[in-house]
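File shown: input.cif (mmCIF, C-alpha atoms).
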data_data
loop_
_atom_site.label_atom_id
_atom_site.label_comp_id
_atom_site.auth_asym_id
_atom_site.auth_seq_id
_atom_site.Cartn_x
_atom_site.Cartn_y
_atom_site.Cartn_z
CA MET A 1 96.59 -144.78 -57.13
CA THR A 2 100.18 -144.63 -55.91
CA PRO A 3 101.54 -147.01 -53.26
CA PHE A 4 101.53 -144.08 -50.84
CA ASP A 5 97.84 -143.41 -51.51
CA ARG A 6 97.01 -147.09 -51.10
CA SER A 7 98.86 -147.25 -47.78
CA GLY A 8 97.08 -144.11 -46.56
CA ALA A 9 93.69 -145.50 -47.55
CA ALA A 10 94.49 -148.74 -45.80
CA ALA A 11 95.51 -146.87 -42.67
CA GLY A 12 92.30 -144.87 -42.81
CA THR A 13 90.32 -148.06 -43.13
CA LEU A 14 92.09 -149.52 -40.14
CA ARG A 15 91.48 -146.39 -38.11
CA GLY A 16 87.84 -146.27 -39.07
CA GLY A 17 87.24 -149.97 -38.64
CA PRO A 18 86.47 -150.06 -34.89
CA ARG A 19 84.32 -146.97 -35.15
CA ARG A 20 82.37 -148.41 -38.05
CA ARG A 21 81.82 -151.61 -36.09
CA ARG A 22 80.51 -149.60 -33.13
CA LEU A 23 78.15 -147.67 -35.39
CA ARG A 24 76.90 -150.87 -36.97
CA GLY A 25 76.39 -152.34 -33.49
CA ARG A 26 74.36 -149.32 -32.43
CA ALA A 27 72.31 -149.43 -35.61
CA ARG A 28 71.22 -152.99 -35.03
CA GLY A 29 67.72 -153.49 -33.72
CA VAL A 30 67.18 -153.70 -29.98
CA PRO A 31 66.12 -157.20 -28.88
CA LEU A 32 62.41 -157.28 -28.15
CA PRO A 33 62.84 -159.11 -24.79
CA LEU A 34 64.93 -156.13 -23.64
CA LEU A 35 62.99 -153.35 -25.31
CA VAL A 36 59.57 -154.19 -23.86
CA PRO A 37 60.63 -154.35 -20.17
CA ALA A 38 62.74 -151.22 -20.66
CA LEU A 39 59.76 -149.28 -21.99
CA ILE A 40 57.54 -150.60 -19.20
CA GLY A 41 60.09 -149.50 -16.63
CA LEU A 42 60.36 -146.06 -18.24
CA ALA A 43 56.59 -145.67 -18.26
CA PHE A 44 56.39 -146.83 -14.65
CA LEU A 45 58.72 -144.00 -13.61
CA VAL A 46 57.50 -141.27 -15.94
CA VAL A 47 53.72 -141.70 -16.15
CA PRO A 48 53.04 -140.73 -12.48
CA LEU A 49 55.01 -137.50 -12.99
CA ILE A 50 53.12 -136.76 -16.18
CA ALA A 51 49.83 -137.44 -14.38
CA LEU A 52 50.84 -134.94 -11.70
CA LEU A 53 51.44 -132.29 -14.34
CA VAL A 54 48.23 -133.13 -16.24
CA ARG A 55 46.02 -133.04 -13.15
CA ALA A 56 47.61 -129.89 -11.74
CA PRO A 57 45.16 -127.01 -11.21
CA TRP A 58 47.15 -124.55 -13.31
CA ARG A 59 44.49 -121.81 -13.27
CA SER A 60 44.19 -121.73 -9.51
CA LEU A 61 47.86 -122.49 -8.90
CA PRO A 62 48.88 -118.90 -8.02
CA GLU A 63 46.06 -118.65 -5.52
CA LEU A 64 46.92 -122.00 -3.95
CA LEU A 65 50.59 -121.13 -3.58
CA THR A 66 50.12 -117.67 -2.12
CA GLY A 67 48.53 -118.77 1.14
CA ALA A 68 50.32 -117.89 4.36
CA GLU A 69 50.49 -121.51 5.49
CA VAL A 70 52.11 -122.57 2.22
CA TRP A 71 54.83 -119.96 2.45
CA GLU A 72 55.40 -120.73 6.11
CA ALA A 73 55.84 -124.42 5.31
CA LEU A 74 58.13 -123.58 2.41
CA ARG A 75 60.21 -121.21 4.54
CA LEU A 76 60.50 -123.77 7.31
CA SER A 77 61.47 -126.48 4.80
CA LEU A 78 64.21 -124.35 3.25
CA VAL A 79 65.60 -123.25 6.61
CA CYS A 80 65.59 -126.72 8.12
CA ALA A 81 67.00 -128.40 5.02
CA THR A 82 69.82 -125.85 4.88
CA ALA A 83 70.56 -126.27 8.59
CA ALA A 84 70.51 -130.08 8.25
CA THR A 85 72.93 -129.83 5.33
CA ALA A 86 75.23 -127.60 7.38
CA VAL A 87 75.21 -130.14 10.21
CA SER A 88 75.94 -132.90 7.71
CA LEU A 89 78.88 -130.96 6.30
CA VAL A 90 80.40 -130.26 9.69
CA VAL A 91 80.36 -133.87 10.86
CA GLY A 92 79.95 -135.78 7.58
CA VAL A 93 83.06 -134.59 5.74
CA PRO A 94 85.42 -135.62 8.59
CA LEU A 95 83.56 -138.93 8.85
CA ALA A 96 84.01 -139.53 5.11
CA TRP A 97 87.71 -138.71 5.41
CA LEU A 98 88.04 -141.15 8.31
CA LEU A 99 86.42 -143.95 6.29
CA ALA A 100 88.48 -143.24 3.18
CA ARG A 101 91.92 -142.50 4.61
CA VAL A 102 92.29 -144.28 7.97
CA GLU A 103 92.64 -148.02 8.46
CA PHE A 104 91.08 -149.17 11.74
CA PRO A 105 89.42 -152.34 13.04
CA GLY A 106 85.74 -152.54 12.20
CA ARG A 107 85.85 -149.94 9.42
CA GLY A 108 83.49 -152.04 7.31
CA LEU A 109 81.00 -152.21 10.16
CA VAL A 110 81.22 -148.45 10.69
CA ARG A 111 80.60 -147.85 6.99
CA ALA A 112 77.58 -150.15 7.09
CA LEU A 113 76.17 -148.28 10.09
CA VAL A 114 76.73 -144.94 8.38
CA THR A 115 74.82 -146.05 5.28
CA LEU A 116 72.07 -147.78 7.24
CA PRO A 117 69.70 -144.75 7.18
CA LEU A 118 69.66 -145.08 3.39
CA VAL A 119 67.74 -148.35 3.61
CA LEU A 120 66.11 -147.89 7.00
CA PRO A 121 62.41 -146.94 6.82
CA PRO A 122 62.21 -143.25 7.78
CA VAL A 123 59.52 -143.94 10.39
CA VAL A 124 61.87 -146.42 12.07
CA GLY A 125 64.54 -143.72 12.03
CA GLY A 126 62.13 -141.35 13.76
CA VAL A 127 61.35 -143.94 16.43
CA ALA A 128 65.09 -144.54 16.92
CA LEU A 129 65.62 -140.80 17.36
CA LEU A 130 62.84 -140.72 19.95
CA MET A 131 64.45 -143.57 21.86
CA ALA A 132 67.78 -141.75 21.81
CA LEU A 133 66.90 -138.06 22.07
CA GLY A 134 63.39 -138.06 23.53
CA ARG A 135 62.76 -136.89 27.08
CA ASN A 136 63.09 -140.46 28.29
CA GLY A 137 65.74 -141.40 25.72
CA ILE A 138 69.17 -142.66 26.61
CA VAL A 139 70.69 -139.27 25.69
CA GLY A 140 67.64 -137.01 25.77
CA ARG A 141 67.02 -137.50 29.49
CA TRP A 142 70.44 -136.06 30.26
CA LEU A 143 69.95 -133.18 27.84
CA ASP A 144 66.67 -132.38 29.57
CA SER A 145 67.90 -132.67 33.15
CA TRP A 146 71.30 -131.03 32.70
CA PHE A 147 70.66 -128.34 30.09
CA GLY A 148 66.87 -128.15 29.83
CA VAL A 149 67.08 -129.02 26.13
CA THR A 150 64.14 -130.86 24.56
CA LEU A 151 64.47 -131.80 20.91
CA PRO A 152 61.31 -133.75 19.97
CA PHE A 153 58.43 -131.74 18.48
CA THR A 154 60.58 -128.65 17.96
CA THR A 155 62.14 -126.99 14.93
CA ALA A 156 65.53 -128.25 16.10
CA GLY A 157 64.01 -131.73 16.07
CA VAL A 158 63.13 -131.26 12.39
CA VAL A 159 66.77 -130.39 11.66
CA ILE A 160 68.00 -133.44 13.59
CA ALA A 161 65.58 -135.78 11.79
CA GLU A 162 66.49 -134.42 8.37
CA ALA A 163 70.22 -134.59 9.08
CA PHE A 164 69.86 -138.20 10.24
CA VAL A 165 68.43 -139.34 6.90
CA ALA A 166 70.38 -136.95 4.64
CA MET A 167 73.95 -137.17 5.95
CA PRO A 168 74.67 -140.65 4.47
CA PHE A 169 74.26 -139.19 0.97
CA LEU A 170 76.97 -136.65 1.73
CA VAL A 171 79.27 -139.19 3.36
CA ILE A 172 79.03 -141.62 0.44
CA SER A 173 79.66 -138.90 -2.13
CA VAL A 174 82.65 -137.42 -0.29
CA GLU A 175 84.15 -140.81 0.54
CA GLY A 176 83.98 -141.84 -3.12
CA THR A 177 85.67 -138.60 -4.14
CA LEU A 178 88.38 -139.09 -1.52
CA ARG A 179 89.09 -142.62 -2.74
CA ALA A 180 89.42 -141.33 -6.30
CA ALA A 181 91.74 -138.47 -5.27
CA ASP A 182 95.48 -139.15 -5.41
CA PRO A 183 96.81 -139.37 -1.82
CA ARG A 184 100.31 -138.50 -3.01
CA TYR A 185 99.43 -134.81 -2.88
CA GLU A 186 98.78 -135.13 0.84
CA GLU A 187 101.99 -137.11 1.27
CA ALA A 188 103.93 -134.41 -0.56
CA ALA A 189 102.45 -131.76 1.73
CA ALA A 190 103.46 -133.86 4.74
CA THR A 191 107.06 -134.11 3.50
CA LEU A 192 107.13 -130.31 3.28
CA GLY A 193 106.29 -130.08 6.97
CA ALA A 194 102.51 -129.67 6.88
CA SER A 195 100.51 -131.35 9.59
CA ARG A 196 97.85 -133.83 8.63
CA PHE A 197 95.10 -131.33 9.35
CA THR A 198 96.88 -128.61 7.37
CA ALA A 199 97.27 -131.00 4.44
CA PHE A 200 93.57 -131.81 4.67
CA ARG A 201 92.60 -128.14 4.80
CA ARG A 202 94.98 -126.79 2.18
CA VAL A 203 95.33 -129.76 -0.21
CA THR A 204 92.56 -132.31 0.22
CA LEU A 205 89.57 -129.99 0.54
CA PRO A 206 90.26 -128.13 -2.74
CA LEU A 207 90.69 -131.48 -4.50
CA ILE A 208 87.40 -132.92 -3.30
CA ALA A 209 85.37 -129.70 -3.44
CA PRO A 210 83.21 -130.91 -6.39
CA GLY A 211 82.36 -134.12 -4.50
CA ILE A 212 81.48 -132.14 -1.39
CA ALA A 213 79.26 -129.82 -3.41
CA ALA A 214 77.46 -132.73 -5.09
CA GLY A 215 77.00 -134.51 -1.77
CA ALA A 216 75.72 -131.32 -0.14
CA VAL A 217 73.15 -130.81 -2.90
CA LEU A 218 71.95 -134.40 -2.57
CA ALA A 219 71.76 -134.11 1.21
CA TRP A 220 69.85 -130.84 0.93
CA ALA A 221 67.35 -132.32 -1.52
CA ARG A 222 66.88 -135.40 0.66
CA ALA A 223 66.37 -133.25 3.74
CA LEU A 224 63.85 -131.08 1.90
CA GLY A 225 61.76 -134.14 0.99
CA GLU A 226 61.99 -135.91 4.34
CA PHE A 227 58.65 -137.01 5.81
CA GLY A 228 58.64 -140.16 7.95
CA ALA A 229 61.37 -139.38 10.47
CA THR A 230 60.20 -135.77 10.72
CA ILE A 231 56.56 -136.51 11.53
CA THR A 232 57.58 -139.24 13.99
CA PHE A 233 60.25 -137.29 15.85
CA ALA A 234 59.12 -133.68 15.39
CA GLY A 235 55.38 -133.91 14.79
CA ASN A 236 53.26 -131.80 12.47
CA PHE A 237 52.75 -128.38 14.02
CA PRO A 238 52.12 -125.49 11.58
CA GLY A 239 54.78 -122.81 11.80
CA ARG A 240 57.06 -124.93 13.98
CA THR A 241 57.55 -128.39 12.51
CA GLN A 242 55.25 -128.57 9.46
CA THR A 243 57.51 -128.78 6.42
CA MET A 244 56.38 -129.02 2.80
CA PRO A 245 56.04 -132.84 2.68
CA LEU A 246 53.96 -132.75 5.84
CA ALA A 247 51.84 -129.95 4.38
CA VAL A 248 51.27 -132.08 1.26
CA TYR A 249 50.14 -135.01 3.41
CA LEU A 250 47.78 -132.82 5.42
CA ALA A 251 46.36 -131.06 2.34
CA LEU A 252 45.75 -134.37 0.57
CA GLN A 253 43.13 -135.27 3.19
CA SER A 254 41.08 -132.10 2.78
CA ASP A 255 42.16 -130.26 -0.38
CA PRO A 256 43.68 -132.48 -3.11
CA GLU A 257 44.28 -129.54 -5.43
CA ALA A 258 46.40 -127.82 -2.80
CA ALA A 259 48.31 -131.07 -2.28
CA ILE A 260 49.02 -131.23 -6.02
CA ALA A 261 50.19 -127.61 -6.03
CA LEU A 262 52.57 -128.23 -3.14
CA SER A 263 53.82 -131.38 -4.83
CA LEU A 264 54.64 -129.36 -7.93
CA VAL A 265 56.87 -127.13 -5.84
CA LEU A 266 58.81 -130.12 -4.53
CA LEU A 267 58.96 -131.56 -8.05
CA ALA A 268 60.43 -128.31 -9.35
CA VAL A 269 63.07 -128.40 -6.63
CA SER A 270 63.96 -131.98 -7.53
CA VAL A 271 64.32 -131.09 -11.21
CA ALA A 272 66.54 -128.15 -10.27
CA VAL A 273 68.75 -130.49 -8.22
CA LEU A 274 69.09 -132.89 -11.15
CA ALA A 275 69.93 -129.99 -13.45
CA GLY A 276 72.61 -128.87 -11.03
CA LEU A 277 74.16 -132.35 -10.96
CA ARG A 278 73.83 -132.89 -14.71
CA ASP A 279 77.51 -132.37 -15.52
CA ARG A 280 78.55 -134.80 -12.80
CA TRP A 281 76.18 -137.75 -13.22
CA MET A 282 73.94 -137.24 -16.22
CA THR A 283 76.43 -136.91 -19.06
CA ALA A 284 77.12 -140.08 -20.99
CA PRO A 285 80.78 -140.95 -21.77
#
Hey, can you dump this file as structure tokens for me?
Amino acid sequence: MTPFDRSGAAAGTLRGGPRRRRLRGRARGVPLPLLVPALIGLAFLVVPLIALLVRAPWRSLPELLTGAEVWEALRLSLVCATAATAVSLVVGVPLAWLLARVEFPGRGLVRALVTLPLVLPPVVGGVALLMALGRNGIVGRWLDSWFGVTLPFTTAGVVIAEAFVAMPFLVISVEGTLRAADPRYEEAAATLGASRFTAFRRVTLPLIAPGIAAGAVLAWARALGEFGATITFAGNFPGRTQTMPLAVYLALQSDPEAAIALSLVLLAVSVAVLAGLRDRWMTAP
């Protein structure tokens, strides 16, 4: 072997050294104190979903899903979830921009209040909406007396309840994307004479479009599965406020097979949402 060959082999060994060490590290056995709890946690999350699939009435599934009430609940769920997502986009994207780009006193408190519905029990959220927008609420009384608008126990109430619990998902996603985006593009647009709103519309929005899309999908999925705030604020009236989760709850009391069939529909939607977000959150580096 010539000196040149020896130097090349040594360089190859040096280049391959870290990778070989990583491969050896991955090949080592997983510690038992970590493996056992990990498998228990995996089973805890997966076994209920498998049980739902195993106990599903596959033979009678087409008959169970072709009923008029099922399709009405599904239609209402899709319409209300889409409307709630639209409301979240209209007010949530500017709110995320405000939290990410503007320094103002109490910004941390505002961010905490915005994310509060994420940890607030949905039933408590429904009660809070009743206290605010009900006929005797601090805002609802004026809506009723001035404009004759009553939101509780209406389809619009379903949209409001779903937007209340779903919008934080959009705000968090868009705010994170805004913080990761380089603000120098906006500054460059400002130096060229663009107003702040024009820079937001022409520069910032295209940059954060993937984050907005991901947040909108999450908000839509959360709105589609909302139960507690909806039943508390909007009630459970077939054809008007009965969405798919409420239909599942009602069917579980009288027809468990129908409840399982409706649950499968929501499960399929959830899987589709995860598949849509796979490239963003589910790919390992």
Worksheet entry | Explicit residue set for the PyMOL selection byres ((chain A and resi 167-169) around 12), as JSON, numbers by chain | {"A": [81, 83, 84, 85, 86, 87, 88, 89, 90, 91, 92, 93, 94, 95, 96, 110, 111, 112, 113, 114, 115, 116, 117, 118, 119, 120, 159, 160, 161, 162, 163, 164, 165, 166, 170, 171, 172, 173, 174, 175, 176, 211, 212, 213, 214, 215, 216, 217, 218, 219, 220, 221, 222, 223]}
Within 12 Å of region 125-149 of chain A, which residues of region 206-277 of chain A show up? Give each one with its shortest atom-to-atom distance in Å (one decimal) and the two atoms involved, counting only C-alpha atoms, rows by chain then rising residue number, as a Markdown table.
| residue | atom | partner | partner_atom | distance |
| --- | --- | --- | --- | --- |
| A:Glu226 | CA | A:Gly126 | CA | 10.9 |
| A:Phe227 | CA | A:Gly126 | CA | 9.7 |
| A:Gly228 | CA | A:Gly126 | CA | 6.9 |
| A:Ala229 | CA | A:Gly126 | CA | 3.9 |
| A:Thr230 | CA | A:Gly126 | CA | 6.6 |
| A:Ile231 | CA | A:Gly126 | CA | 7.7 |
| A:Thr232 | CA | A:Gly126 | CA | 5.0 |
| A:Phe233 | CA | A:Gly126 | CA | 4.9 |
| A:Ala234 | CA | A:Gly126 | CA | 8.4 |
| A:Gly235 | CA | A:Gly126 | CA | 10.1 |
Item to complete: Figure out the distance between CA of Gly157 (chain A) and CA of Ala73 (chain A), please, to one decimal in Å.
Response: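 So the two atoms, CA of Ala73 (chain A) and CA of Gly157 (chain A), lie 15.4 Å apart.
Taking CA of Ser77 (chain A) and CA of Ala56 (chain A) as endpoints, the distance between them is 21.8 Å.
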Worksheet item: Which of these residues is nearest to Thr177 (chain A), using only C-alpha atoms: A:Leu267, A:Arg101, A:Leu224, A:Val36?
Response: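 Going through A:Leu267, A:Arg101, A:Leu224, A:Val36 one by one, the smallest distance to Thr177 (chain A) is for A:Arg101.
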Practice prompt. Calculate how many Å separate CA of Pro57 (chain A) from CA of Ala268 (chain A), rounding to one decimal.
Written response: 15.4 Å
Worksheet item: Written as a PyMOL selection string, what is the full residue list that the PyMOL selection byres ((chain A and resi 255-265) around 9) yields on the file shown?
Response: chain A and resi 52-53+55-58+60-61+64-65+70+244-245+247-254+266-270
Residues within 8 Å of Thr241 (chain A), all atoms listed in the file, excluding chain neighbours under 2 positions, as a PDB file with C-alpha atoms, keeping the file's coordinate frame:
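Listing of out_0.pdb after writing:
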ATOM      1  CA  LEU A  76      60.500-123.770   7.310  1.00  0.00           C
ATOM      2  CA  PHE A 153      58.430-131.740  18.480  1.00  0.00           C
ATOM      3  CA  THR A 154      60.580-128.650  17.960  1.00  0.00           C
ATOM      4  CA  THR A 155      62.140-126.990  14.930  1.00  0.00           C
ATOM      5  CA  VAL A 158      63.130-131.260  12.390  1.00  0.00           C
ATOM      6  CA  ALA A 234      59.120-133.680  15.390  1.00  0.00           C
ATOM      7  CA  GLY A 235      55.380-133.910  14.790  1.00  0.00           C
ATOM      8  CA  ASN A 236      53.260-131.800  12.470  1.00  0.00           C
ATOM      9  CA  PHE A 237      52.750-128.380  14.020  1.00  0.00           C
ATOM     10  CA  PRO A 238      52.120-125.490  11.580  1.00  0.00           C
ATOM     11  CA  GLY A 239      54.780-122.810  11.800  1.00  0.00           C
ATOM     12  CA  THR A 243      57.510-128.780   6.420  1.00  0.00           C
TER      13      THR A 243
END
Discussion item. Under the rule that all atoms listed in the file are counted, which of A:Val203, A:Leu246, A:Leu39, A:Val102 is the nearest residue to Leu74 (chain A)?
Written reply: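 Among the listed residues, A:Leu246 lies closest to Leu74 (chain A).
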Item to complete: Step by step, work through what the PyMOL selection byres ((chain A and resi 185-202) around 12) selects in the shown file, and finish by giving those residues as a list of chain:residue names.
Response: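 So the PyMOL selection byres ((chain A and resi 185-202) around 12), applied here, picks out A:Val93, A:Pro94, A:Trp97, A:Leu98, A:Arg101, A:Val102, A:Leu178, A:Ala181, A:Asp182, A:Pro183, A:Arg184, A:Val203, A:Thr204, A:Leu205, A:Pro206, A:Leu207, A:Ile208, A:Ala209.
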Take the structure in the block and write a file for region 40-51 of chain A, all heavy atoms, as a PDB file, in the first residue's frame.
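Written output follows (selection-v1.pdb):
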ATOM      1  N   ILE A  40     -45.468  -0.428  27.802  1.00  0.00           N
ATOM      2  CA  ILE A  40     -46.742  -0.250  28.508  1.00  0.00           C
ATOM      3  C   ILE A  40     -47.449   1.007  28.021  1.00  0.00           C
ATOM      4  O   ILE A  40     -48.663   1.019  27.774  1.00  0.00           O
ATOM      5  CB  ILE A  40     -46.509  -0.199  30.025  1.00  0.00           C
ATOM      6  CG1 ILE A  40     -46.025  -1.560  30.532  1.00  0.00           C
ATOM      7  CG2 ILE A  40     -47.784   0.212  30.750  1.00  0.00           C
ATOM      8  CD1 ILE A  40     -45.648  -1.561  32.003  1.00  0.00           C
ATOM      9  N   GLY A  41     -46.681   2.091  27.866  1.00  0.00           N
ATOM     10  CA  GLY A  41     -47.280   3.321  27.364  1.00  0.00           C
ATOM     11  C   GLY A  41     -47.805   3.173  25.953  1.00  0.00           C
ATOM     12  O   GLY A  41     -48.884   3.675  25.621  1.00  0.00           O
ATOM     13  N   LEU A  42     -47.060   2.461  25.098  1.00  0.00           N
ATOM     14  CA  LEU A  42     -47.526   2.220  23.735  1.00  0.00           C
ATOM     15  C   LEU A  42     -48.809   1.405  23.731  1.00  0.00           C
ATOM     16  O   LEU A  42     -49.762   1.714  23.002  1.00  0.00           O
ATOM     17  CB  LEU A  42     -46.425   1.505  22.950  1.00  0.00           C
ATOM     18  CG  LEU A  42     -46.757   1.156  21.499  1.00  0.00           C
ATOM     19  CD1 LEU A  42     -46.997   2.419  20.692  1.00  0.00           C
ATOM     20  CD2 LEU A  42     -45.634   0.327  20.884  1.00  0.00           C
ATOM     21  N   ALA A  43     -48.841   0.360  24.558  1.00  0.00           N
ATOM     22  CA  ALA A  43     -50.055  -0.462  24.624  1.00  0.00           C
ATOM     23  C   ALA A  43     -51.235   0.336  25.161  1.00  0.00           C
ATOM     24  O   ALA A  43     -52.371   0.171  24.695  1.00  0.00           O
ATOM     25  CB  ALA A  43     -49.791  -1.686  25.508  1.00  0.00           C
ATOM     26  N   PHE A  44     -50.962   1.191  26.139  1.00  0.00           N
ATOM     27  CA  PHE A  44     -52.030   2.009  26.715  1.00  0.00           C
ATOM     28  C   PHE A  44     -52.693   2.897  25.664  1.00  0.00           C
ATOM     29  O   PHE A  44     -53.902   3.145  25.714  1.00  0.00           O
ATOM     30  CB  PHE A  44     -51.458   2.859  27.847  1.00  0.00           C
ATOM     31  CG  PHE A  44     -52.439   3.808  28.467  1.00  0.00           C
ATOM     32  CD1 PHE A  44     -53.448   3.351  29.300  1.00  0.00           C
ATOM     33  CD2 PHE A  44     -52.372   5.165  28.202  1.00  0.00           C
ATOM     34  CE1 PHE A  44     -54.359   4.231  29.864  1.00  0.00           C
ATOM     35  CE2 PHE A  44     -53.276   6.053  28.759  1.00  0.00           C
ATOM     36  CZ  PHE A  44     -54.273   5.582  29.593  1.00  0.00           C
ATOM     37  N   LEU A  45     -51.912   3.372  24.702  1.00  0.00           N
ATOM     38  CA  LEU A  45     -52.446   4.260  23.675  1.00  0.00           C
ATOM     39  C   LEU A  45     -53.031   3.496  22.490  1.00  0.00           C
ATOM     40  O   LEU A  45     -53.982   3.968  21.854  1.00  0.00           O
ATOM     41  CB  LEU A  45     -51.339   5.200  23.174  1.00  0.00           C
ATOM     42  CG  LEU A  45     -50.779   6.173  24.206  1.00  0.00           C
ATOM     43  CD1 LEU A  45     -49.604   6.950  23.623  1.00  0.00           C
ATOM     44  CD2 LEU A  45     -51.859   7.139  24.702  1.00  0.00           C
ATOM     45  N   VAL A  46     -52.485   2.331  22.193  1.00  0.00           N
ATOM     46  CA  VAL A  46     -52.866   1.633  20.971  1.00  0.00           C
ATOM     47  C   VAL A  46     -53.971   0.614  21.190  1.00  0.00           C
ATOM     48  O   VAL A  46     -54.850   0.451  20.330  1.00  0.00           O
ATOM     49  CB  VAL A  46     -51.618   0.961  20.347  1.00  0.00           C
ATOM     50  CG1 VAL A  46     -52.007   0.090  19.161  1.00  0.00           C
ATOM     51  CG2 VAL A  46     -50.613   2.024  19.922  1.00  0.00           C
ATOM     52  N   VAL A  47     -53.961  -0.079  22.331  1.00  0.00           N
ATOM     53  CA  VAL A  47     -54.931  -1.157  22.557  1.00  0.00           C
ATOM     54  C   VAL A  47     -56.382  -0.673  22.470  1.00  0.00           C
ATOM     55  O   VAL A  47     -57.221  -1.353  21.858  1.00  0.00           O
ATOM     56  CB  VAL A  47     -54.653  -1.855  23.912  1.00  0.00           C
ATOM     57  CG1 VAL A  47     -55.803  -2.769  24.304  1.00  0.00           C
ATOM     58  CG2 VAL A  47     -53.365  -2.651  23.828  1.00  0.00           C
ATOM     59  N   PRO A  48     -56.751   0.480  23.058  1.00  0.00           N
ATOM     60  CA  PRO A  48     -58.150   0.927  22.900  1.00  0.00           C
ATOM     61  C   PRO A  48     -58.558   1.133  21.445  1.00  0.00           C
ATOM     62  O   PRO A  48     -59.699   0.825  21.069  1.00  0.00           O
ATOM     63  CB  PRO A  48     -58.189   2.244  23.688  1.00  0.00           C
ATOM     64  CG  PRO A  48     -57.099   2.114  24.691  1.00  0.00           C
ATOM     65  CD  PRO A  48     -56.015   1.360  23.992  1.00  0.00           C
ATOM     66  N   LEU A  49     -57.633   1.636  20.611  1.00  0.00           N
ATOM     67  CA  LEU A  49     -57.959   1.815  19.193  1.00  0.00           C
ATOM     68  C   LEU A  49     -58.111   0.469  18.499  1.00  0.00           C
ATOM     69  O   LEU A  49     -59.007   0.293  17.664  1.00  0.00           O
ATOM     70  CB  LEU A  49     -56.861   2.646  18.516  1.00  0.00           C
ATOM     71  CG  LEU A  49     -56.610   4.027  19.114  1.00  0.00           C
ATOM     72  CD1 LEU A  49     -55.483   4.738  18.376  1.00  0.00           C
ATOM     73  CD2 LEU A  49     -57.880   4.869  19.073  1.00  0.00           C
ATOM     74  N   ILE A  50     -57.248  -0.477  18.858  1.00  0.00           N
ATOM     75  CA  ILE A  50     -57.388  -1.813  18.285  1.00  0.00           C
ATOM     76  C   ILE A  50     -58.707  -2.455  18.722  1.00  0.00           C
ATOM     77  O   ILE A  50     -59.394  -3.104  17.922  1.00  0.00           O
ATOM     78  CB  ILE A  50     -56.186  -2.682  18.699  1.00  0.00           C
ATOM     79  CG1 ILE A  50     -54.892  -2.121  18.109  1.00  0.00           C
ATOM     80  CG2 ILE A  50     -56.390  -4.131  18.261  1.00  0.00           C
ATOM     81  CD1 ILE A  50     -53.643  -2.870  18.538  1.00  0.00           C
ATOM     82  N   ALA A  51     -59.074  -2.260  19.993  1.00  0.00           N
ATOM     83  CA  ALA A  51     -60.340  -2.815  20.476  1.00  0.00           C
ATOM     84  C   ALA A  51     -61.520  -2.229  19.715  1.00  0.00           C
ATOM     85  O   ALA A  51     -62.501  -2.936  19.419  1.00  0.00           O
ATOM     86  CB  ALA A  51     -60.468  -2.540  21.976  1.00  0.00           C
TER      87      ALA A  51
END
